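Single-structure report; data block below.
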Amino acid sequence: MTVETLAAGGDSLLALWGEPNCVHLSFWDAASGTAGVMTLPCPEGRFPSVGRLHPPALRLERTIHDLFGLVAEESPDARPWLDHGAWESRFPLGNASPSSGPTPYPFLPTEGEELHQVPVGPVHAGIIEPGHFRFTAAGETVVRLEERLGYVHRGVEGLLRGADIEQAAALAARISGDTTAAYSSAFAQAVEAALDVEAPLLAHWLRALCVETERVANHLGDIGAICNDAAFARMNAFCTVLREKILRAADLCFGHRLMMDQIIPGGMRTVPSGEALRKLRELSEEITASLPGILQVYETTPSLQDRVVGTGVLSRALASQYASGGVIGRASGRLFDARCHLVYPPYSSLRFSVPVREEGDVDARISIRIREVEQSLDLIGQIIDGLPEGPASKPLPQKRVAPGEGVALVEGFRGDLFAWVRLDERARVERCHFRDPSWFQWPLLEAAVYGNIIADFPLCNKSFNCSYA
């Protein structure tokens with residue numbers, strides 16, 4: 001596999017990350033249906049730029065440089081990404097000298113008559129994570145959006161180094177608060193692969209139950225919030241009530257509304273009671289019965305349709321180039337779902353379909369979410385009805401003969417989530433890397449906003465709902 005293969009669309013980039021002396025690249029080969037990891041030593045602190053031919057890699061390369069000082073040779077964009085000029089040393093794990101202090105971020109230049117810039121953020125008026133958005137507009141029409149993110153970089157990978165598996169699992173669950181089940185599942189699967197351990201069958205089914213419940217809660221919240229940004233508060237109120245009910249059901253089953261710390265390497269921490277599962281199943285049937293009404297109101301409200309149809313269009317070509325998963329990719333015609341294309345248990349034993357639209361606008365992204373809620377609710381019923389007997393966890397080995405690596409790709413509510421871990425002989429984390437779907441979706445938001453009016457940006461942004469963290 002070469003960078004040229006990625007650029008030609010033969011393979012999809014899953015992740016690109018670094019260490020002080022090497023870089024790793026993970027890719028998805030659609031022809032064979034397999035994922036792979038390549039490692040390139042960088043003894044001189046340099047590596048050939050992947051982003052030079054494959055733009056989705058650019059922000060990942062900039063991150064590698066900020067964290068480790070490794071230089072992507074011939075990169076078309078060498079600006080910092082995570083480093084906002086406030087770190088004591090730009091390369092805490094390298095040999096660089098301390099930074100000289102904050103310097104203005106070099107936003108891309110703009111030229112043209114009657115163009116003006118509108119800066120938004122990083123501090124926002126609502127309850128929202130920090131992110132800076134620099135609009136260049138002709139009148140009200142956006143001709144360029146450039147994002148400046150990285151304000152909430154927390155050094156998670158550094159904190160994971162040397163952690164035992166239990167400590168690391170707790171950190172993994174807190175990488176993104178709305179995706180705790182999917183992150184926990186990805187980390188658990190990667191650790192189990194590194195230790196060559198298979199979790200009990202019941203654990204796999206309960207993990208899927210957590211992730212599908214998480215998907216329903218987040219999609220309901222997003223459907224309501226997008227409609228609220230289009231000034232349709234009725235839908236937001238209705239979806240908020242349903243989301244609250246599913247979160248309470250999750251708390252009843254697993255002792256936590258977000259199911260935090262329930263999925264652990266080796267299995268599950270909690271097995272729900274029969275009564276709790278019965279109530280979750282009844283709630284899933286109640287929400288399923290309400291979906292036709294939600295869809296009917298959504299599709300027959302002219303003022304709402306006027307705001308969402310044709311707004312924020314993302315082309316299929318870009319969605320494919322960036323290997324965008326989840327709602328964003330599937331609303332633009334890219335059919336990829338880790339539950340189907342890189343099958344992991346228990347999904348080979350479950351029946352579900354993956355909805356796809358071609359329009360790529362806000363309307364398509366809302367419609368995909370509604371239909372994914374329907375599929376996930378059905379999956380919840382199948383899982384509860386088919387839960388196998390047996391233990392939900394097993395002890396892990398406390399040491400290894402030699403260091404081991406493991407990878408996992410889990411379908412979270414935003415899309416495919418990548419996890420890689422290397423354990424040392426004591427079964428402690430030597431290195432760990434996570435790649436959120438947002439890394440490949442944030443750049444696409446810049447493209448989707450082009451040609452829209454500035455006032456529609458909140459609507460487009462919420463329809464993407466990328467993670468700032």
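Quick note on naming: the chains in the structure tokens go A, B, ... in the order shown, residues restart at 1 in each chain, and ligands are numbered from 1 in order of appearance.
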Checklist entry - If we count only C-alpha atoms, what is near range 270-283 of chain A at a cut-off of 7 Å, once residues fewer than 3 positions away on the same chain are taken out, given as a list in words? => result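 The residues satisfying every condition are Ala249, Leu252, Cys253, Phe254, Gln262, Glu286, Ile287, Gly381 and Ile384 of chain A.
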Checklist entry - Which neighbours of Asp229 in chain A fall inside 9 Å, counting only C-alpha atoms, when residues of the same chain fewer than 4 positions from it are skipped, and could you give them as an MDAnalysis selection string? => result chainID A and resid 224:225 233 456 458:459 462
Next on the checklist: Residues within 10 Å of Glu372 in chain A, please, as a ChimeraX atom specification. Count only C-alpha atoms; anything in the same chain fewer than 3 positions from it doesn't count.
Outcome noted: /A:212,215-216,219,326-327,352-356,366-369,375-378,413
For the residues in that selection, give me all heavy atoms as a compact mmCIF listing (two decimals), in the first residue's frame.
# COMPACT_ATOMS: atom_id res chain seq x y z
N GLU A 212 -25.56 0.78 21.27
CA GLU A 212 -26.79 1.10 20.56
C GLU A 212 -27.68 2.04 21.37
O GLU A 212 -28.33 2.94 20.81
CB GLU A 212 -27.55 -0.17 20.19
CG GLU A 212 -26.82 -1.10 19.23
CD GLU A 212 -26.38 -0.42 17.95
OE1 GLU A 212 -27.12 0.47 17.46
OE2 GLU A 212 -25.30 -0.76 17.43
N ARG A 215 -26.21 5.38 20.93
CA ARG A 215 -26.52 5.91 19.60
C ARG A 215 -27.92 6.52 19.57
O ARG A 215 -28.13 7.61 19.03
CB ARG A 215 -26.41 4.79 18.55
CG ARG A 215 -26.39 5.28 17.10
CD ARG A 215 -26.42 4.15 16.09
NE ARG A 215 -25.66 3.00 16.49
CZ ARG A 215 -24.33 2.86 16.34
NH1 ARG A 215 -23.66 3.84 15.78
NH2 ARG A 215 -23.72 1.76 16.73
N VAL A 216 -28.89 5.82 20.16
CA VAL A 216 -30.26 6.33 20.19
C VAL A 216 -30.32 7.66 20.94
O VAL A 216 -30.92 8.64 20.46
CB VAL A 216 -31.21 5.30 20.85
CG1 VAL A 216 -32.58 5.92 21.08
CG2 VAL A 216 -31.34 4.07 19.96
N HIS A 219 -28.51 10.48 18.85
CA HIS A 219 -29.24 10.85 17.63
C HIS A 219 -30.52 11.62 17.97
O HIS A 219 -30.87 12.59 17.29
CB HIS A 219 -29.59 9.60 16.82
CG HIS A 219 -28.46 9.11 15.96
ND1 HIS A 219 -27.31 9.81 15.76
CD2 HIS A 219 -28.34 7.96 15.21
CE1 HIS A 219 -26.51 9.14 14.94
NE2 HIS A 219 -27.11 8.01 14.60
N GLY A 326 -20.20 7.27 9.54
CA GLY A 326 -21.35 7.71 10.30
C GLY A 326 -22.38 8.42 9.45
O GLY A 326 -22.47 8.24 8.23
N VAL A 327 -23.17 9.25 10.11
CA VAL A 327 -24.24 9.99 9.45
C VAL A 327 -23.71 10.86 8.32
O VAL A 327 -24.31 10.95 7.25
CB VAL A 327 -24.99 10.85 10.49
CG1 VAL A 327 -25.94 11.83 9.80
CG2 VAL A 327 -25.76 9.97 11.46
N PHE A 352 -29.96 -5.98 10.77
CA PHE A 352 -30.18 -4.53 10.69
C PHE A 352 -29.74 -4.05 9.32
O PHE A 352 -29.00 -4.72 8.61
CB PHE A 352 -29.42 -3.79 11.80
CG PHE A 352 -27.92 -3.87 11.69
CD1 PHE A 352 -27.19 -2.82 11.18
CD2 PHE A 352 -27.24 -5.01 12.11
CE1 PHE A 352 -25.81 -2.89 11.07
CE2 PHE A 352 -25.86 -5.10 12.01
CZ PHE A 352 -25.15 -4.03 11.49
N SER A 353 -30.23 -2.88 8.95
CA SER A 353 -29.83 -2.27 7.68
C SER A 353 -29.16 -0.94 7.96
O SER A 353 -29.34 -0.34 9.02
CB SER A 353 -31.05 -2.08 6.77
OG SER A 353 -31.99 -1.20 7.36
N VAL A 354 -28.40 -0.47 6.99
CA VAL A 354 -27.68 0.80 7.12
C VAL A 354 -28.27 1.78 6.12
O VAL A 354 -28.07 1.64 4.91
CB VAL A 354 -26.17 0.61 6.86
CG1 VAL A 354 -25.44 1.95 7.01
CG2 VAL A 354 -25.58 -0.43 7.81
N PRO A 355 -29.02 2.79 6.58
CA PRO A 355 -29.65 3.73 5.66
C PRO A 355 -28.62 4.63 4.98
O PRO A 355 -27.63 5.03 5.59
CB PRO A 355 -30.58 4.54 6.56
CG PRO A 355 -29.98 4.44 7.93
CD PRO A 355 -29.34 3.08 7.99
N VAL A 356 -28.86 4.95 3.72
CA VAL A 356 -27.97 5.80 2.94
C VAL A 356 -28.80 6.79 2.13
O VAL A 356 -29.87 6.44 1.63
CB VAL A 356 -27.08 4.97 1.99
CG1 VAL A 356 -26.16 5.88 1.18
CG2 VAL A 356 -26.25 3.96 2.76
N ILE A 366 -30.46 14.64 8.87
CA ILE A 366 -31.54 14.43 9.84
C ILE A 366 -32.26 13.12 9.55
O ILE A 366 -32.52 12.31 10.46
CB ILE A 366 -32.54 15.60 9.82
CG1 ILE A 366 -31.88 16.89 10.31
CG2 ILE A 366 -33.76 15.28 10.68
CD1 ILE A 366 -32.77 18.12 10.23
N SER A 367 -32.57 12.88 8.29
CA SER A 367 -33.30 11.67 7.90
C SER A 367 -32.52 10.41 8.24
O SER A 367 -33.09 9.42 8.71
CB SER A 367 -33.63 11.70 6.41
OG SER A 367 -34.48 12.78 6.10
N ILE A 368 -31.21 10.44 7.99
CA ILE A 368 -30.38 9.28 8.34
C ILE A 368 -30.43 9.03 9.84
O ILE A 368 -30.54 7.87 10.30
CB ILE A 368 -28.93 9.50 7.87
CG1 ILE A 368 -28.83 9.48 6.35
CG2 ILE A 368 -28.00 8.44 8.49
CD1 ILE A 368 -29.08 8.15 5.72
N ARG A 369 -30.36 10.09 10.63
CA ARG A 369 -30.41 9.91 12.09
C ARG A 369 -31.73 9.27 12.52
O ARG A 369 -31.75 8.38 13.37
CB ARG A 369 -30.23 11.26 12.78
CG ARG A 369 -28.80 11.76 12.82
CD ARG A 369 -28.69 13.09 13.55
NE ARG A 369 -27.30 13.45 13.80
CZ ARG A 369 -26.58 14.25 13.01
NH1 ARG A 369 -27.14 14.75 11.91
NH2 ARG A 369 -25.33 14.53 13.31
N GLN A 375 -33.34 1.66 13.53
CA GLN A 375 -32.56 0.43 13.45
C GLN A 375 -31.95 0.07 14.80
O GLN A 375 -31.94 -1.11 15.20
CB GLN A 375 -31.46 0.57 12.40
CG GLN A 375 -31.95 0.66 10.98
CD GLN A 375 -32.71 -0.58 10.55
OE1 GLN A 375 -32.26 -1.71 10.76
NE2 GLN A 375 -33.88 -0.38 9.96
N SER A 376 -31.44 1.07 15.52
CA SER A 376 -30.82 0.79 16.82
C SER A 376 -31.85 0.32 17.84
O SER A 376 -31.55 -0.54 18.68
CB SER A 376 -30.09 2.03 17.33
OG SER A 376 -28.93 2.29 16.56
N LEU A 377 -33.04 0.88 17.81
CA LEU A 377 -34.09 0.42 18.72
C LEU A 377 -34.45 -1.04 18.44
O LEU A 377 -34.68 -1.83 19.38
CB LEU A 377 -35.33 1.30 18.58
CG LEU A 377 -35.19 2.73 19.12
CD1 LEU A 377 -36.37 3.57 18.68
CD2 LEU A 377 -35.06 2.73 20.64
N ASP A 378 -34.49 -1.41 17.17
CA ASP A 378 -34.75 -2.80 16.84
C ASP A 378 -33.60 -3.69 17.31
O ASP A 378 -33.82 -4.81 17.80
CB ASP A 378 -34.95 -2.95 15.33
CG ASP A 378 -35.35 -4.36 14.94
OD1 ASP A 378 -36.43 -4.82 15.37
OD2 ASP A 378 -34.58 -5.02 14.23
N PHE A 413 -21.73 6.62 17.44
CA PHE A 413 -22.84 7.36 16.83
C PHE A 413 -22.35 8.37 15.81
O PHE A 413 -23.11 8.75 14.91
CB PHE A 413 -23.70 8.01 17.92
CG PHE A 413 -23.25 9.38 18.37
CD1 PHE A 413 -23.83 10.52 17.85
CD2 PHE A 413 -22.26 9.51 19.33
CE1 PHE A 413 -23.43 11.79 18.27
CE2 PHE A 413 -21.85 10.76 19.76
CZ PHE A 413 -22.43 11.91 19.23
Checklist entry - Of the candidates A:Asp436, A:Asp66, A:Asp361, A:Glu19, which shows the shortest atom-to-atom distance to Ala172 in chain A, using only C-alpha atoms? => result A:Asp436
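Closest approach to Leu25 in chain A among A:Thr301, A:Arg148, A:His433, A:Glu166: A:His433, based on only C-alpha atoms.
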